[in-house]
Structure formats: C-alpha cells, structure tokens
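Next comes final37.pdb, a file with PDB, C-alpha atoms and all ligand atoms.
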ATOM      1  CA  MET U1266      95.753 101.499 117.843
ATOM      2  CA  VAL U1267      92.712  99.718 116.428
ATOM      3  CA  LEU U1268      89.755 100.782 118.591
ATOM      4  CA  HIS U1269      87.150  98.142 119.267
ATOM      5  CA  TYR U1270      84.033  99.603 120.870
ATOM      6  CA  GLU U1271      82.311  97.987 123.842
ATOM      7  CA  TYR U1272      80.507 101.131 124.994
ATOM      8  CA  CYS U1273      78.760 103.661 122.801
ATOM      9  CA  PRO U1274      81.061 106.690 122.292
ATOM     10  CA  GLN U1275      77.914 108.823 121.908
ATOM     11  CA  CYS U1276      75.744 107.845 124.911
ATOM     12  CA  GLY U1277      78.059 105.631 126.992
ATOM     13  CA  ARG U1278      75.734 102.609 127.107
ATOM     14  CA  LYS U1279      77.096  99.095 126.716
ATOM     15  CA  LEU U1280      76.846  97.985 123.113
ATOM     16  CA  SER U1281      75.147  94.802 122.007
ATOM     17  CA  LEU U1282      76.035  92.746 118.963
ATOM     18  CA  ARG U1283      73.849  92.830 115.935
ATOM     19  CA  GLU U1284      74.029  90.741 112.834
ATOM     20  CA  SER U1285      74.924  92.654 109.700
ATOM     21  CA  LYS U1286      74.417  90.953 106.353
ATOM     22  CA  GLU U1287      77.835  91.973 105.025
ATOM     23  CA  ASP U1288      79.979  92.204 108.158
ATOM     24  CA  GLY U1289      78.773  89.486 110.542
ATOM     25  CA  MET U1290      78.235  90.445 114.197
ATOM     26  CA  VAL U1291      78.946  94.132 114.782
ATOM     27  CA  PRO U1292      78.699  96.327 117.923
ATOM     28  CA  TRP U1293      75.372  98.157 117.979
ATOM     29  CA  CYS U1294      73.850 100.859 120.181
ATOM     30  CA  ASP U1295      70.090 100.388 120.275
ATOM     31  CA  PRO U1296      69.163 103.799 121.792
ATOM     32  CA  CYS U1297      71.350 105.625 119.236
ATOM     33  CA  LYS U1298      70.463 103.203 116.392
ATOM     34  CA  LYS U1299      74.082 103.182 115.393
ATOM     35  CA  THR U1300      76.674 100.590 114.443
ATOM     36  CA  TRP U1301      80.162 101.099 115.885
ATOM     37  CA  TYR U1302      82.722  99.562 113.579
ATOM     38  CA  ASP U1303      86.317  99.201 114.754
ATOM     39  CA  SER U1304      88.265 102.341 113.942
ATOM     40  CA  PHE U1305      91.922 103.064 113.406
ATOM     41  CA  PRO U1306      94.135 106.033 112.538
ATOM     42  CA  THR U1307      95.000 106.586 108.895
ATOM     43  CA  ALA U1308      98.230 108.199 107.759
ATOM     44  CA  VAL U1309     100.001 109.089 104.534
ATOM     45  CA  ILE U1310     103.586 108.230 103.650
ATOM     46  CA  VAL U1311     105.216 110.078 100.765
ATOM     47  CA  LEU U1312     108.247 109.245  98.665
ATOM     48  CA  THR U1313     109.258 112.534  97.021
ATOM     49  CA  TYR U1314     111.556 112.544  93.981
ATOM     50  CA  ASN U1315     113.077 115.257  91.786
ATOM     51  CA  GLU U1316     114.138 115.664  88.123
ATOM     52  CA  TYR U1317     117.532 114.053  88.864
ATOM     53  CA  ASN U1318     115.893 110.885  90.232
ATOM     54  CA  GLU U1319     116.922 111.830  93.734
ATOM     55  CA  VAL U1320     114.574 111.192  96.640
ATOM     56  CA  VAL U1321     114.044 112.943  99.947
ATOM     57  CA  MET U1322     115.229 111.140 103.048
ATOM     58  CA  THR U1323     114.659 112.691 106.447
ATOM     59  CA  ARG U1324     115.857 112.026 109.961
ATOM     60  CA  GLN U1325     113.313 112.528 112.715
ATOM     61  CA  SER U1326     114.567 111.203 116.021
ATOM     62  CA  HIS U1327     111.152 111.461 117.716
ATOM     63  CA  LEU U1328     109.998 108.734 115.306
ATOM     64  CA  THR U1329     113.108 106.605 114.927
ATOM     65  CA  TYR U1330     116.645 107.390 116.013
ATOM     66  CA  ARG U1331     118.434 104.822 113.856
ATOM     67  CA  HIS U1332     117.059 105.243 110.385
ATOM     68  CA  TRP U1333     116.257 107.816 107.812
ATOM     69  CA  MET U1334     112.847 107.612 106.229
ATOM     70  CA  TYR U1335     110.286 109.336 104.053
ATOM     71  CA  ASN U1336     107.776 111.823 105.352
ATOM     72  CA  SER U1337     104.564 110.653 106.891
ATOM     73  CA  GLY U1338     101.728 112.007 108.967
ATOM     74  CA  PHE U1339      98.174 111.405 110.107
ATOM     75  CA  ILE U1340      95.199 112.441 108.028
ATOM     76  CA  LEU U1341      93.039 115.040 109.763
ATOM     77  CA  PRO U1342      89.255 114.612 109.952
ATOM     78  CA  GLY U1343      87.656 116.024 106.809
ATOM     79  CA  GLU U1344      90.909 115.970 104.852
ATOM     80  CA  ASN U1345      91.504 113.588 101.972
ATOM     81  CA  ALA U1346      94.726 111.602 101.686
ATOM     82  CA  GLU U1347      96.113 113.708  98.818
ATOM     83  CA  HIS U1348      95.650 116.933 100.761
ATOM     84  CA  ALA U1349      97.264 115.359 103.826
ATOM     85  CA  ALA U1350     100.301 114.374 101.731
ATOM     86  CA  VAL U1351     100.707 117.890 100.303
ATOM     87  CA  ARG U1352     100.195 119.474 103.750
ATOM     88  CA  GLU U1353     102.632 117.183 105.564
ATOM     89  CA  ILE U1354     105.397 117.775 103.043
ATOM     90  CA  LYS U1355     104.775 121.516 103.111
ATOM     91  CA  GLU U1356     104.878 121.529 106.925
ATOM     92  CA  GLU U1357     107.880 119.252 107.381
ATOM     93  CA  LEU U1358     110.082 120.235 104.443
ATOM     94  CA  GLY U1359     108.700 123.573 103.270
ATOM     95  CA  ILE U1360     108.337 122.359  99.672
ATOM     96  CA  GLU U1361     105.372 121.903  97.306
ATOM     97  CA  ILE U1362     104.851 118.441  95.858
ATOM     98  CA  ARG U1363     102.754 117.632  92.790
ATOM     99  CA  ASN U1364     101.926 114.733  90.436
ATOM    100  CA  LEU U1365     100.859 112.462  93.277
ATOM    101  CA  GLU U1366     100.562 108.794  92.354
ATOM    102  CA  SER U1367      99.247 106.004  94.529
ATOM    103  CA  LEU U1368     101.737 103.383  95.712
ATOM    104  CA  GLY U1369      99.120 101.314  97.505
ATOM    105  CA  THR U1370      98.248 100.952 101.173
ATOM    106  CA  TYR U1371     100.017  99.245 104.065
ATOM    107  CA  TRP U1372      99.364  98.406 107.689
ATOM    108  CA  PHE U1373     101.987  99.880 109.982
ATOM    109  CA  ARG U1374     102.604  97.701 113.058
ATOM    110  CA  GLY U1375      99.045  96.425 112.827
ATOM    111  CA  GLY U1376      97.570  99.702 114.073
ATOM    112  CA  VAL U1377      97.763 102.430 111.428
ATOM    113  CA  LEU U1378      96.623 102.242 107.822
ATOM    114  CA  MET U1379      99.295 103.942 105.703
ATOM    115  CA  ILE U1380      98.325 105.363 102.296
ATOM    116  CA  ALA U1381     101.475 105.537 100.192
ATOM    117  CA  PHE U1382     102.195 108.146  97.508
ATOM    118  CA  LEU U1383     104.940 108.917  95.066
ATOM    119  CA  ALA U1384     105.235 112.676  94.491
ATOM    120  CA  PHE U1385     107.366 115.003  92.388
ATOM    121  CA  CYS U1386     109.067 118.224  93.453
ATOM    122  CA  PRO U1387     111.746 120.072  91.452
ATOM    123  CA  LYS U1388     115.069 120.084  93.316
ATOM    124  CA  CYS U1389     115.081 122.954  95.806
ATOM    125  CA  GLU U1390     116.158 123.951  99.284
ATOM    126  CA  PHE U1391     114.244 122.648 102.285
ATOM    127  CA  HIS U1392     112.811 124.794 105.048
ATOM    128  CA  LEU U1393     112.557 122.223 107.814
ATOM    129  CA  SER U1394     110.044 122.196 110.636
ATOM    130  CA  ASP U1395     111.236 121.632 114.220
ATOM    131  CA  GLU U1396     110.151 117.990 113.896
ATOM    132  CA  VAL U1397     112.737 117.248 111.219
ATOM    133  CA  GLU U1398     116.430 117.221 112.121
ATOM    134  CA  GLU U1399     117.789 116.685 108.632
ATOM    135  CA  ALA U1400     116.563 116.198 105.092
ATOM    136  CA  VAL U1401     118.620 115.365 102.024
ATOM    137  CA  TRP U1402     118.152 114.711  98.306
ATOM    138  CA  VAL U1403     119.979 111.457  97.525
ATOM    139  CA  ASP U1404     120.054 108.860  94.751
ATOM    140  CA  VAL U1405     118.159 105.629  95.336
ATOM    141  CA  LYS U1406     121.219 103.596  96.324
ATOM    142  CA  LYS U1407     122.199 106.118  98.975
ATOM    143  CA  ALA U1408     118.557 106.256 100.096
ATOM    144  CA  ALA U1409     118.521 102.471 100.510
ATOM    145  CA  GLU U1410     121.702 102.684 102.575
ATOM    146  CA  LEU U1411     120.220 105.404 104.802
ATOM    147  CA  ALA U1412     116.978 103.462 105.279
ATOM    148  CA  GLY U1413     119.045 100.666 106.818
ATOM    149  CA  PRO U1414     118.262  96.972 106.869
ATOM    150  CA  VAL U1415     114.886  95.913 105.546
ATOM    151  CA  ARG U1416     112.209  95.794 108.226
ATOM    152  CA  PRO U1417     109.478  93.315 107.328
ATOM    153  CA  GLY U1418     106.140  94.786 106.393
ATOM    154  CA  CYS U1419     107.331  98.420 106.295
ATOM    155  CA  ALA U1420     105.987 100.434 103.380
ATOM    156  CA  ASP U1421     109.296 102.292 102.814
ATOM    157  CA  PHE U1422     111.084  99.414 101.168
ATOM    158  CA  ALA U1423     108.293  98.342  98.838
ATOM    159  CA  MET U1424     107.686 101.993  97.856
ATOM    160  CA  MET U1425     111.320 102.454  96.875
ATOM    161  CA  ILE U1426     111.215  99.309  94.749
ATOM    162  CA  ASP U1427     108.052 100.542  93.006
ATOM    163  CA  TYR U1428     109.751 103.863  92.225
ATOM    164  CA  VAL U1429     112.959 102.226  90.950
ATOM    165  CA  LYS U1430     110.978  99.869  88.702
ATOM    166  CA  LYS U1431     108.711 102.618  87.393
ATOM    167  CA  TYR U1432     111.625 104.745  86.142
ATOM    168  CA  ASP U1433     113.986 101.818  85.484
ATOM    169  CA  LEU U1434     116.665 103.393  87.708
ATOM    170  CA  CYS U1435     118.560 100.242  88.676
ATOM    171  CA  ASP U1436     118.023  96.577  89.368
ATOM    172  CA  PRO U1437     115.838  96.588  92.500
ATOM    173  CA  ASP U1438     117.832  93.630  93.843
ATOM    174  CA  GLU U1439     120.857  95.912  94.115
ATOM    175  CA  LEU U1440     119.172  98.124  96.707
ATOM    176  CA  TRP U1441     119.212  95.708  99.635
ATOM    177  CA  PRO U1442     121.332  92.789  98.429
ATOM    178  CA  GLY U1443     120.394  89.444  99.919
ATOM    179  CA  GLN U1444     117.365  90.866 101.730
ATOM    180  CA  THR U1445     113.804  90.075 100.757
ATOM    181  CA  ILE U1446     111.212  92.795 100.556
ATOM    182  CA  GLU U1447     107.855  91.735 101.882
ATOM    183  CA  ARG U1448     105.409  92.911  99.234
ATOM    184  CA  PRO U1449     101.922  91.859 100.202
ATOM    185  CA  ASP U1450      99.537  91.169  97.337
ATOM    186  CA  PRO U1451      96.732  93.680  97.948
ATOM    187  CA  PHE U1452      94.193  91.394  96.276
ATOM    188  CA  ALA U1453      95.029  88.299  98.345
ATOM    189  CA  PHE U1454      92.246  88.187 100.927
TER     190      PHE U1454
HETATM  191 ZN    ZN M1501      74.530 105.181 122.088
END
As structure tokens:
Amino acid sequence: MVLHYEYCPQCGRKLSLRESKEDGMVPWCDPCKKTWYDSFPTAVIVLTYNEYNEVVMTRQSHLTYRHWMYNSGFILPGENAEHAAVREIKEELGIEIRNLESLGTYWFRGGVLMIAFLAFCPKCEFHLSDEVEEAVWVDVKKAAELAGPVRPGCADFAMMIDYVKKYDLCDPDELWPGQTIERPDPFAF
C-alpha cells in the first residue's frame, strides 16, 4: 500500500525527478512546484490492560479468522495517533482508555506504518461495534494462547513482551515457548 507517484495527483502531469539534498532523487512536479514523496497509510494498534493485569483480546473475522488480536485502525487525516487510539477503542469496544504510552512503531506487511500504544482502562463491560465479534479480558498467558503462533514481524507479539516486562508479570519466554519474537531495533538503519 505504499504509493509511489509517477503523475502529479494535483495536475495529472508526468512527474520528473529532482535531486533533493537530504533525500536523493525525488518525484517533482514543475508546474505545481511540489515534491511528491511516497505515501502510505498509518494506523494505530492498542494493547489495553486493566488493574488486574488483564488485556483485551478481540476477534474480528473481517481482519483475520484464525486469531484473536488487539484493536487497531487507520488514522484519519488531521487526527493525531493518540486521538485515533482513543477513538478506535471507543468505537470498537465502547470503553475509554487513558494513560497512553508509546510501544514503538512497526511496518505491517510492508505497507502500513503501525504506531503501537499501551493503554489503561479499568475493568468494565464492553459495548461492541458490529465489526467486533467478541472481546474478552484475559491474563497475558491466555492472551498469548489466543494470539496463536508467533507471526514474524507482527507488532502484537513484541507489544505483549514489552507489557509483560514493564510490569514484571511473568518470564516473557513463557508466553510463546520455543518461538522467537522478531524485535527490530528501531535505531538500526
Ligand atoms: Zn502538478
């Protein structure tokens, strides 16, 4: 879903390449005097926990029919990532999260930049949207079981390990025994 521009989205003319000091050769529209950088959708993914160290796992078969996961959604134009996280959780689960903390950023299948958050919500009932079939509060071991086998590069697994380490809930190696979590170093360029 990374969009690389060959024609100007504003005037429709074919773009040329222009040297930029910082970014090398970049697509450029001379009539519009505008650079067209590649663009891609940006989404938030939220791991919500409560005062009993339980986390929310949801089943949404339009996204994945096999596994349970956390809540996620695209950021709307003009919205910041924190607002998107609060809005998505409100829409999907009918609950109000707070105390958002960053858990880093991830590329999802090479096409969506995922901004990951840890968020708190006191234990309460859900009021699910039509998009969500089921949502449950479960402890981290049950959550790991529901998430299923580790899928390389997915934010879910690394986020859970960050949460478990932060609150010293269990040995992270117990969550997915024998499976390695791919945890990219964000500063390794
Ligand atoms: Zn143009």
Notebook entry, point to check: atom CA of U:Lys1355 and atom CA of U:Pro1437 are how many Å apart?
Noted result: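 Interatomic distance here is 29.3 Å.
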Next item on the list: Have a look at U:Arg1352, U:Leu1268, U:Lys1299, U:Leu1411 and name the one nearest to ligand ZN 1501 (chain M); count all atoms listed in the file.
Entry: U:Lys1299
Margin query: Just the number, please: distance in Å from atom CA of U:Gly1413 to atom CA of U:Glu1390, one decimal.
Written below: 24.6 Å
Notebook entry, point to check: Taking only C-alpha atoms and all ligand atoms into account, which residues are within 10 Å of ligand ZN 1501 (chain M), as a list in words?
Noted result: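 Checked against 10 Å with only C-alpha atoms and all ligand atoms; the hits are Tyr1272, Cys1273, Pro1274, Gln1275, Cys1276, Gly1277, Arg1278, Lys1279, Leu1280, Trp1293, Cys1294, Asp1295, Pro1296, Cys1297, Lys1298, Lys1299, Thr1300 and Trp1301 of chain U.
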Next item on the list: In Å, rounded to a single decimal, give me how far atom CA of U:Leu1368 is from atom CA of U:Asp1427.
Entry: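 Between atom CA of U:Asp1427 and atom CA of U:Leu1368 the gap is 7.4 Å.
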Can you tell me which residues surround U:Ala1350 at a distance of at most 10 Å, considering only C-alpha atoms, apart from same-chain residues fewer than 5 positions away, and format the answer as a PDB file with C-alpha atoms, keeping the file's coordinate frame?
ATOM      1  CA  ALA U1308      98.230 108.199 107.759  1.00  0.00           C
ATOM      2  CA  VAL U1309     100.001 109.089 104.534  1.00  0.00           C
ATOM      3  CA  ILE U1310     103.586 108.230 103.650  1.00  0.00           C
ATOM      4  CA  VAL U1311     105.216 110.078 100.765  1.00  0.00           C
ATOM      5  CA  LEU U1312     108.247 109.245  98.665  1.00  0.00           C
ATOM      6  CA  ASN U1336     107.776 111.823 105.352  1.00  0.00           C
ATOM      7  CA  SER U1337     104.564 110.653 106.891  1.00  0.00           C
ATOM      8  CA  GLY U1338     101.728 112.007 108.967  1.00  0.00           C
ATOM      9  CA  PHE U1339      98.174 111.405 110.107  1.00  0.00           C
ATOM     10  CA  ILE U1340      95.199 112.441 108.028  1.00  0.00           C
ATOM     11  CA  ASN U1345      91.504 113.588 101.972  1.00  0.00           C
ATOM     12  CA  LYS U1355     104.775 121.516 103.111  1.00  0.00           C
ATOM     13  CA  GLU U1356     104.878 121.529 106.925  1.00  0.00           C
ATOM     14  CA  ILE U1362     104.851 118.441  95.858  1.00  0.00           C
ATOM     15  CA  ARG U1363     102.754 117.632  92.790  1.00  0.00           C
ATOM     16  CA  LEU U1365     100.859 112.462  93.277  1.00  0.00           C
ATOM     17  CA  ILE U1380      98.325 105.363 102.296  1.00  0.00           C
ATOM     18  CA  ALA U1381     101.475 105.537 100.192  1.00  0.00           C
ATOM     19  CA  PHE U1382     102.195 108.146  97.508  1.00  0.00           C
ATOM     20  CA  LEU U1383     104.940 108.917  95.066  1.00  0.00           C
ATOM     21  CA  ALA U1384     105.235 112.676  94.491  1.00  0.00           C
TER      22      ALA U1384
END
Note to self: Calculated over only C-alpha atoms, which of the candidates U:Arg1324, U:His1332, U:Arg1374, U:Lys1406 has the smallest distance to U:Leu1393?
What the structure shows: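 Ranked by minimum distance to U:Leu1393, first place goes to U:Arg1324.
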Notebook entry, point to check: On this structure, which residues satisfy the PyMOL selection byres (((chain U and resi 1405) around 10) and not hetatm), written as a list of chain:residue names?
Noted result: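 Answer for the PyMOL selection byres (((chain U and resi 1405) around 10) and not hetatm): U:Tyr1314, U:Asn1318, U:Glu1319, U:Val1320, U:Val1321, U:Met1322, U:Trp1402, U:Val1403, U:Asp1404, U:Lys1406, U:Lys1407, U:Ala1408, U:Ala1409, U:Glu1410, U:Leu1411, U:Met1425, U:Ile1426, U:Tyr1428, U:Val1429, U:Leu1434, U:Cys1435, U:Pro1437, U:Leu1440.
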Item checked: Shortest interatomic distance to U:Ala1423 - which of U:Gly1369, U:Cys1389, U:Glu1271, U:Glu1398, counting all atoms listed in the file ->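 Distance minimum relative to U:Ala1423 lands on U:Gly1369.
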Next item on the list: Find, counting all atoms listed in the file, the residue in U:Val1291, U:Cys1419, U:Ala1400, U:Met1424 that gets nearest to U:Gly1359.
Entry: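 Looking at the shortest contact to U:Gly1359, the residue is U:Ala1400.
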Extending 6 Å beyond the listed atoms of stretch 1366-1380 of chain U on each side, what axis-aligned box results? I want centre and edge lengths in Å to one decimal, as AutoDock Vina command-line options.
--center_x 99.6 --center_y 102.6 --center_z 103.2 --size_x 18.0 --size_y 24.4 --size_z 33.7
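For U:Arg1416, the residues within 10 Å (counting only C-alpha atoms, excluding itself and residues fewer than 2 positions away along the chain) are Ala1412, Gly1413, Pro1414, Gly1418, Cys1419, Ala1420, Asp1421, Phe1422, Gln1444, Thr1445, Ile1446 and Glu1447 of chain U.
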Filtering to C-alpha atoms, could you give me those residues as a tab-separated table (two decimals), in the frame of the given file?
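Result file follows (selection.tsv):
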chain	number	residue	atom	x	y	z
U	1412	ALA	CA	116.98	103.46	105.28
U	1413	GLY	CA	119.04	100.67	106.82
U	1414	PRO	CA	118.26	96.97	106.87
U	1418	GLY	CA	106.14	94.79	106.39
U	1419	CYS	CA	107.33	98.42	106.30
U	1420	ALA	CA	105.99	100.43	103.38
U	1421	ASP	CA	109.30	102.29	102.81
U	1422	PHE	CA	111.08	99.41	101.17
U	1444	GLN	CA	117.36	90.87	101.73
U	1445	THR	CA	113.80	90.08	100.76
U	1446	ILE	CA	111.21	92.80	100.56
U	1447	GLU	CA	107.86	91.74	101.88
Next item on the list: Please evaluate the PyMOL selection byres (((chain U and resi 1376) around 6) and not hetatm) against the displayed coordinates and give the resulting residues as a PyMOL selection string.
Entry: chain U and resi 1266-1267+1374-1375+1377
